[in-house]
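entry_6.pdb follows (PDB, N, CA and C atoms):
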```pdb
ATOM      1  N   MET R   1       1.936  -3.548   4.342
ATOM      2  CA  MET R   1       2.346  -3.525   5.736
ATOM      3  C   MET R   1       3.679  -4.276   5.884
ATOM      4  N   MET R   2       4.565  -3.660   6.614
ATOM      5  CA  MET R   2       5.875  -4.270   6.838
ATOM      6  C   MET R   2       5.858  -5.033   8.156
ATOM      7  N   ASN R   3       6.435  -6.214   8.128
ATOM      8  CA  ASN R   3       6.573  -7.041   9.318
ATOM      9  C   ASN R   3       8.051  -7.134   9.680
ATOM     10  N   ARG R   4       8.320  -7.400  10.942
ATOM     11  CA  ARG R   4       9.695  -7.515  11.422
ATOM     12  C   ARG R   4      10.008  -8.990  11.669
ATOM     13  N   TYR R   5      11.131  -9.442  11.090
ATOM     14  CA  TYR R   5      11.588 -10.815  11.241
ATOM     15  C   TYR R   5      12.981 -10.794  11.869
ATOM     16  N   PHE R   6      13.277 -11.788  12.670
ATOM     17  CA  PHE R   6      14.539 -11.881  13.392
ATOM     18  C   PHE R   6      15.286 -13.129  12.939
ATOM     19  N   PHE R   7      16.494 -12.943  12.429
ATOM     20  CA  PHE R   7      17.358 -14.030  11.970
ATOM     21  C   PHE R   7      18.470 -14.145  13.006
ATOM     22  N   THR R   8      18.460 -15.224  13.771
ATOM     23  CA  THR R   8      19.397 -15.362  14.893
ATOM     24  C   THR R   8      20.636 -16.149  14.482
ATOM     25  N   TYR R   9      21.707 -15.965  15.279
ATOM     26  CA  TYR R   9      22.989 -16.588  14.988
ATOM     27  C   TYR R   9      23.468 -17.435  16.151
ATOM     28  N   GLY R  10      24.212 -18.481  15.813
ATOM     29  CA  GLY R  10      24.880 -19.308  16.814
ATOM     30  C   GLY R  10      26.236 -18.700  17.159
ATOM     31  N   THR R  11      27.137 -19.527  17.633
ATOM     32  CA  THR R  11      28.423 -19.009  18.097
ATOM     33  C   THR R  11      29.533 -19.075  17.051
ATOM     34  N   GLU R  12      29.312 -19.817  15.951
ATOM     35  CA  GLU R  12      30.352 -19.851  14.914
ATOM     36  C   GLU R  12      29.781 -20.320  13.583
ATOM     37  N   GLY R  13      30.484 -19.966  12.507
ATOM     38  CA  GLY R  13      30.109 -20.441  11.178
ATOM     39  C   GLY R  13      29.016 -19.653  10.492
ATOM     40  N   GLN R  14      28.582 -18.554  11.098
ATOM     41  CA  GLN R  14      27.536 -17.722  10.512
ATOM     42  C   GLN R  14      28.064 -16.290  10.429
ATOM     43  N   PRO R  15      27.340 -15.398   9.762
ATOM     44  CA  PRO R  15      27.865 -14.043   9.564
ATOM     45  C   PRO R  15      28.273 -13.313  10.855
ATOM     46  N   PHE R  16      27.601 -13.586  11.954
ATOM     47  CA  PHE R  16      27.925 -12.978  13.247
ATOM     48  C   PHE R  16      27.943 -14.062  14.312
ATOM     49  N   SER R  17      28.597 -13.785  15.409
ATOM     50  CA  SER R  17      28.600 -14.694  16.546
ATOM     51  C   SER R  17      27.576 -14.192  17.549
ATOM     52  N   GLY R  18      26.498 -14.944  17.719
ATOM     53  CA  GLY R  18      25.410 -14.534  18.601
ATOM     54  C   GLY R  18      24.636 -13.368  18.008
ATOM     55  N   GLY R  19      23.620 -12.955  18.738
ATOM     56  CA  GLY R  19      22.807 -11.826  18.286
ATOM     57  C   GLY R  19      21.890 -12.188  17.136
ATOM     58  N   TRP R  20      21.488 -11.160  16.386
ATOM     59  CA  TRP R  20      20.549 -11.384  15.302
ATOM     60  C   TRP R  20      20.593 -10.239  14.305
ATOM     61  N   THR R  21      19.941 -10.482  13.169
ATOM     62  CA  THR R  21      19.671  -9.476  12.143
ATOM     63  C   THR R  21      18.166  -9.289  12.107
ATOM     64  N   GLU R  22      17.713  -8.044  12.066
ATOM     65  CA  GLU R  22      16.291  -7.757  11.903
ATOM     66  C   GLU R  22      16.040  -7.402  10.445
ATOM     67  N   VAL R  23      14.955  -7.943   9.895
ATOM     68  CA  VAL R  23      14.584  -7.656   8.512
ATOM     69  C   VAL R  23      13.146  -7.158   8.502
ATOM     70  N   LEU R  24      12.932  -5.997   7.880
ATOM     71  CA  LEU R  24      11.583  -5.461   7.688
ATOM     72  C   LEU R  24      11.157  -5.779   6.263
ATOM     73  N   ALA R  25      10.068  -6.531   6.130
ATOM     74  CA  ALA R  25       9.586  -6.952   4.821
ATOM     75  C   ALA R  25       8.094  -7.264   4.920
ATOM     76  N   PRO R  26       7.382  -7.252   3.786
ATOM     77  CA  PRO R  26       5.947  -7.532   3.826
ATOM     78  C   PRO R  26       5.589  -9.000   4.078
ATOM     79  N   SER R  27       6.531  -9.926   3.870
ATOM     80  CA  SER R  27       6.240 -11.349   4.082
ATOM     81  C   SER R  27       7.516 -12.072   4.504
ATOM     82  N   SER R  28       7.350 -13.254   5.067
ATOM     83  CA  SER R  28       8.523 -14.030   5.466
ATOM     84  C   SER R  28       9.343 -14.454   4.249
ATOM     85  N   ARG R  29       8.680 -14.756   3.146
ATOM     86  CA  ARG R  29       9.394 -15.144   1.926
ATOM     87  C   ARG R  29      10.301 -14.011   1.454
ATOM     88  N   LEU R  30       9.772 -12.791   1.433
ATOM     89  CA  LEU R  30      10.575 -11.653   0.995
ATOM     90  C   LEU R  30      11.661 -11.311   2.016
ATOM     91  N   ALA R  31      11.374 -11.528   3.297
ATOM     92  CA  ALA R  31      12.392 -11.304   4.332
ATOM     93  C   ALA R  31      13.564 -12.253   4.117
ATOM     94  N   CYS R  32      13.272 -13.506   3.812
ATOM     95  CA  CYS R  32      14.334 -14.490   3.566
ATOM     96  C   CYS R  32      15.129 -14.125   2.316
ATOM     97  N   GLU R  33      14.461 -13.648   1.280
ATOM     98  CA  GLU R  33      15.169 -13.230   0.072
ATOM     99  C   GLU R  33      16.093 -12.053   0.364
ATOM    100  N   ALA R  34      15.616 -11.077   1.129
ATOM    101  CA  ALA R  34      16.440  -9.916   1.484
ATOM    102  C   ALA R  34      17.636 -10.355   2.326
ATOM    103  N   PHE R  35      17.391 -11.263   3.272
ATOM    104  CA  PHE R  35      18.484 -11.769   4.108
ATOM    105  C   PHE R  35      19.525 -12.476   3.245
ATOM    106  N   ARG R  36      19.055 -13.334   2.335
ATOM    107  CA  ARG R  36      19.981 -14.076   1.470
ATOM    108  C   ARG R  36      20.802 -13.142   0.575
ATOM    109  N   HIS R  37      20.232 -12.008   0.203
ATOM    110  CA  HIS R  37      20.965 -11.048  -0.617
ATOM    111  C   HIS R  37      22.210 -10.555   0.124
ATOM    112  N   HIS R  38      22.086 -10.350   1.422
ATOM    113  CA  HIS R  38      23.198  -9.859   2.243
ATOM    114  C   HIS R  38      24.067 -10.988   2.797
ATOM    115  N   HIS R  39      23.459 -12.136   3.053
ATOM    116  CA  HIS R  39      24.171 -13.271   3.644
ATOM    117  C   HIS R  39      23.804 -14.546   2.866
ATOM    118  N   PRO R  40      24.457 -14.774   1.741
ATOM    119  CA  PRO R  40      24.114 -15.939   0.906
ATOM    120  C   PRO R  40      24.215 -17.265   1.667
ATOM    121  N   ASP R  41      23.416 -18.221   1.216
ATOM    122  CA  ASP R  41      23.451 -19.566   1.793
ATOM    123  C   ASP R  41      24.858 -20.144   1.664
ATOM    124  N   LYS R  42      25.347 -20.780   2.717
ATOM    125  CA  LYS R  42      26.601 -21.529   2.624
ATOM    126  C   LYS R  42      26.310 -22.906   2.033
ATOM    127  N   THR R  43      25.150 -23.435   2.379
ATOM    128  CA  THR R  43      24.646 -24.689   1.822
ATOM    129  C   THR R  43      23.355 -24.339   1.085
ATOM    130  N   LYS R  44      23.286 -24.683  -0.193
ATOM    131  CA  LYS R  44      22.125 -24.311  -1.006
ATOM    132  C   LYS R  44      20.812 -24.704  -0.329
ATOM    133  N   GLY R  45      19.919 -23.724  -0.204
ATOM    134  CA  GLY R  45      18.602 -23.967   0.371
ATOM    135  C   GLY R  45      18.524 -23.801   1.879
ATOM    136  N   LEU R  46      19.667 -23.596   2.549
ATOM    137  CA  LEU R  46      19.680 -23.404   4.003
ATOM    138  C   LEU R  46      20.135 -21.985   4.320
ATOM    139  N   LEU R  47      19.286 -21.244   5.013
ATOM    140  CA  LEU R  47      19.645 -19.884   5.393
ATOM    141  C   LEU R  47      20.919 -19.874   6.226
ATOM    142  N   ASN R  48      21.725 -18.852   6.059
ATOM    143  CA  ASN R  48      22.993 -18.724   6.762
ATOM    144  C   ASN R  48      22.775 -18.077   8.141
ATOM    145  N   CYS R  49      21.925 -18.728   8.942
ATOM    146  CA  CYS R  49      21.624 -18.266  10.304
ATOM    147  C   CYS R  49      21.145 -19.467  11.112
ATOM    148  N   GLY R  50      20.885 -19.242  12.396
ATOM    149  CA  GLY R  50      20.428 -20.333  13.254
ATOM    150  C   GLY R  50      18.933 -20.587  13.142
ATOM    151  N   SER R  51      18.148 -19.524  13.327
ATOM    152  CA  SER R  51      16.686 -19.636  13.291
ATOM    153  C   SER R  51      16.087 -18.331  12.798
ATOM    154  N   VAL R  52      14.827 -18.401  12.381
ATOM    155  CA  VAL R  52      14.085 -17.218  11.951
ATOM    156  C   VAL R  52      12.812 -17.134  12.776
ATOM    157  N   TYR R  53      12.520 -15.938  13.296
ATOM    158  CA  TYR R  53      11.343 -15.709  14.132
ATOM    159  C   TYR R  53      10.522 -14.542  13.598
ATOM    160  N   THR R  54       9.219 -14.637  13.742
ATOM    161  CA  THR R  54       8.384 -13.455  13.564
ATOM    162  C   THR R  54       8.596 -12.579  14.799
ATOM    163  N   GLU R  55       8.205 -11.333  14.716
ATOM    164  CA  GLU R  55       8.362 -10.445  15.875
ATOM    165  C   GLU R  55       7.585 -10.973  17.076
ATOM    166  N   GLU R  56       6.381 -11.441  16.834
ATOM    167  CA  GLU R  56       5.543 -11.978  17.922
ATOM    168  C   GLU R  56       6.230 -13.156  18.612
ATOM    169  N   ASN R  57       6.772 -14.077  17.831
ATOM    170  CA  ASN R  57       7.452 -15.240  18.413
ATOM    171  C   ASN R  57       8.757 -14.860  19.085
ATOM    172  N   PHE R  58       9.489 -13.916  18.498
ATOM    173  CA  PHE R  58      10.768 -13.517  19.069
ATOM    174  C   PHE R  58      10.584 -12.874  20.442
ATOM    175  N   LYS R  59       9.517 -12.098  20.592
ATOM    176  CA  LYS R  59       9.252 -11.437  21.875
ATOM    177  C   LYS R  59       8.966 -12.443  22.994
ATOM    178  N   GLN R  60       8.635 -13.670  22.642
ATOM    179  CA  GLN R  60       8.360 -14.708  23.628
ATOM    180  C   GLN R  60       9.621 -15.464  24.038
ATOM    181  N   THR R  61      10.761 -15.142  23.426
ATOM    182  CA  THR R  61      12.004 -15.830  23.763
ATOM    183  C   THR R  61      12.793 -15.037  24.804
ATOM    184  N   GLU R  62      13.739 -15.690  25.441
ATOM    185  CA  GLU R  62      14.638 -15.019  26.383
ATOM    186  C   GLU R  62      15.581 -14.067  25.658
ATOM    187  N   MET R  63      15.794 -14.292  24.368
ATOM    188  CA  MET R  63      16.697 -13.436  23.599
ATOM    189  C   MET R  63      16.188 -11.999  23.528
ATOM    190  N   TYR R  64      14.872 -11.843  23.493
ATOM    191  CA  TYR R  64      14.280 -10.508  23.339
ATOM    192  C   TYR R  64      14.753  -9.570  24.450
ATOM    193  N   GLU R  65      14.792 -10.052  25.662
ATOM    194  CA  GLU R  65      15.229  -9.230  26.794
ATOM    195  C   GLU R  65      16.718  -9.389  27.081
ATOM    196  N   GLY R  66      17.230 -10.615  26.965
ATOM    197  CA  GLY R  66      18.577 -10.892  27.442
ATOM    198  C   GLY R  66      19.665 -11.000  26.400
ATOM    199  N   GLY R  67      19.315 -10.916  25.126
ATOM    200  CA  GLY R  67      20.321 -11.072  24.087
ATOM    201  C   GLY R  67      20.539 -12.529  23.732
ATOM    202  N   ASN R  68      21.433 -12.749  22.795
ATOM    203  CA  ASN R  68      21.704 -14.084  22.266
ATOM    204  C   ASN R  68      23.212 -14.293  22.245
ATOM    205  N   PHE R  69      23.713 -15.151  23.122
ATOM    206  CA  PHE R  69      25.148 -15.410  23.246
ATOM    207  C   PHE R  69      25.923 -14.103  23.458
ATOM    208  N   GLY R  70      25.378 -13.244  24.288
ATOM    209  CA  GLY R  70      26.060 -11.999  24.649
ATOM    210  C   GLY R  70      25.968 -10.884  23.626
ATOM    211  N   ALA R  71      25.168 -11.065  22.604
ATOM    212  CA  ALA R  71      25.027 -10.034  21.562
ATOM    213  C   ALA R  71      23.547  -9.743  21.316
ATOM    214  N   ARG R  72      23.310  -8.618  20.668
ATOM    215  CA  ARG R  72      21.946  -8.231  20.315
ATOM    216  C   ARG R  72      21.892  -7.980  18.805
ATOM    217  N   CYS R  73      21.116  -7.023  18.369
ATOM    218  CA  CYS R  73      20.946  -6.755  16.939
ATOM    219  C   CYS R  73      22.241  -6.222  16.312
ATOM    220  N   HIS R  74      22.676  -6.879  15.248
ATOM    221  CA  HIS R  74      23.874  -6.462  14.517
ATOM    222  C   HIS R  74      23.544  -5.540  13.361
ATOM    223  N   GLU R  75      22.376  -5.735  12.745
ATOM    224  CA  GLU R  75      22.039  -4.946  11.562
ATOM    225  C   GLU R  75      20.537  -4.985  11.325
ATOM    226  N   LEU R  76      20.070  -4.007  10.576
ATOM    227  CA  LEU R  76      18.672  -3.927  10.165
ATOM    228  C   LEU R  76      18.655  -3.876   8.647
ATOM    229  N   ILE R  77      17.947  -4.819   8.038
ATOM    230  CA  ILE R  77      17.772  -4.851   6.585
ATOM    231  C   ILE R  77      16.322  -4.468   6.308
ATOM    232  N   VAL R  78      16.126  -3.456   5.493
ATOM    233  CA  VAL R  78      14.768  -2.996   5.171
ATOM    234  C   VAL R  78      14.528  -3.224   3.683
ATOM    235  N   LEU R  79      13.513  -3.999   3.377
ATOM    236  CA  LEU R  79      13.129  -4.233   1.991
ATOM    237  C   LEU R  79      12.238  -3.070   1.581
ATOM    238  N   HIS R  80      12.688  -2.329   0.583
ATOM    239  CA  HIS R  80      11.953  -1.143   0.137
ATOM    240  C   HIS R  80      11.392  -1.430  -1.249
ATOM    241  N   ILE R  81      10.078  -1.348  -1.388
ATOM    242  CA  ILE R  81       9.429  -1.618  -2.655
ATOM    243  C   ILE R  81       8.668  -0.371  -3.078
ATOM    244  N   ASP R  82       8.981   0.151  -4.257
ATOM    245  CA  ASP R  82       8.284   1.311  -4.803
ATOM    246  C   ASP R  82       7.306   0.845  -5.862
ATOM    247  N   SER R  83       6.157   1.481  -5.900
ATOM    248  CA  SER R  83       5.203   1.235  -6.980
ATOM    249  C   SER R  83       5.512   2.205  -8.106
ATOM    250  N   VAL R  84       5.500   1.702  -9.314
ATOM    251  CA  VAL R  84       5.798   2.530 -10.474
ATOM    252  C   VAL R  84       4.547   2.628 -11.325
ATOM    253  N   THR R  85       4.204   3.846 -11.697
ATOM    254  CA  THR R  85       3.058   4.075 -12.562
ATOM    255  C   THR R  85       3.568   4.381 -13.959
ATOM    256  N   THR R  86       3.056   3.681 -14.933
ATOM    257  CA  THR R  86       3.469   3.920 -16.308
ATOM    258  C   THR R  86       2.711   5.115 -16.870
ATOM    259  N   ALA R  87       3.202   5.686 -17.948
ATOM    260  CA  ALA R  87       2.538   6.832 -18.600
ATOM    261  C   ALA R  87       1.127   6.458 -19.030
ATOM    262  N   LYS R  88       0.956   5.238 -19.506
ATOM    263  CA  LYS R  88      -0.363   4.777 -19.941
ATOM    264  C   LYS R  88      -1.340   4.740 -18.772
ATOM    265  N   GLU R  89      -0.875   4.269 -17.608
ATOM    266  CA  GLU R  89      -1.735   4.223 -16.413
ATOM    267  C   GLU R  89      -2.081   5.633 -15.941
ATOM    268  N   GLU R  90      -1.155   6.574 -16.049
ATOM    269  CA  GLU R  90      -1.430   7.960 -15.653
ATOM    270  C   GLU R  90      -2.472   8.589 -16.556
ATOM    271  N   GLN R  91      -2.427   8.296 -17.840
ATOM    272  CA  GLN R  91      -3.399   8.842 -18.795
ATOM    273  C   GLN R  91      -4.791   8.309 -18.533
ATOM    274  N   ALA R  92      -4.884   7.064 -18.052
ATOM    275  CA  ALA R  92      -6.169   6.438 -17.787
ATOM    276  C   ALA R  92      -6.843   7.041 -16.559
ATOM    277  N   GLN R  93      -6.066   7.697 -15.706
ATOM    278  CA  GLN R  93      -6.646   8.246 -14.465
ATOM    279  C   GLN R  93      -7.282   9.525 -14.734
TER     280      GLN R  93
END
```

Before we go any further, please render this structure as structure tokens.
Amino acid sequence: MMNRYFFTYGTEGQPFSGGWTEVLAPSSRLACEAFRHHHPDKTKGLLNCGSVYTEENFKQTEMYEGGNFGARCHELIVLHIDSVTTAKEEQAQ
């Protein structure tokens, strides 16, 4: 199951000014990894954004309806994971 996470931005020093990036991933850990792939940490161990929200928590903020510093969603990152079956596993079926 894919969950939606929201990575919000402040007004300067981050990839975008205001608004957010949405990431679809099965877990928050994988969402953060996908985000870091596109927007590496400026300081090791600190995400290059203001805050991270689950979809449920984000919907409870004023940003959900009104935007964030005059901006809304800048991009959507989707983590796509394929399952691979080996020849040996196919023979066993």

Just give me the gap between CA of Phe6 in chain R and CA of Ser51 in chain R in Å, one decimal is fine.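 Taking CA of Phe6 in chain R and CA of Ser51 in chain R, their separation equals 8.0 Å.
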
Nearest-residue call for Phe58 in chain R, choices R:Glu33, R:Glu12, R:Asp82, R:Glu22, using only C-alpha atoms: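 Ranking R:Glu33, R:Glu12, R:Asp82, R:Glu22 by distance to Phe58 in chain R, first place goes to R:Glu22.
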
Separation of atom C of Gly45 in chain R and atom C of His74 in chain R, in Å?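 Here the two named atoms are 22.1 Å from each other.
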
Please, what distance in Å, to one decimal, runs between CA of Glu55 in chain R and atom N of Gly13 in chain R?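 According to the coordinates, CA of Glu55 in chain R and atom N of Gly13 in chain R are separated by 24.3 Å.
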
Strand (DSSP E or B) residues, from DSSP on the backbone, in chain R, as a PyMOL selection string: chain R and resi 3-8+20-25+43+46+51-54+68+71+73-78

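Selecting by distance to (14.2, -17.4, 13.2) with a limit of 6 Å and using all atoms listed in the file, one obtains Phe6, Phe7, Thr8, Gly50, Ser51, Val52, Tyr53 and Thr54 of chain R.
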
Using the chain letters and numbers from the file, which residues does the PyMOL selection byres (((chain R and resi 80 and name CA) around 10) and name CA) grab, as a ChimeraX atom specification? /R:2,24-26,34,77-79,81-82

I'd like the neighbourhood of Ala71 in chain R as a PyMOL selection string, where a residue qualifies if any of its atoms comes within 9 Å (using only C-alpha atoms), though same-chain residues fewer than 3 positions away should be ignored. chain R and resi 17-20+66-68+74
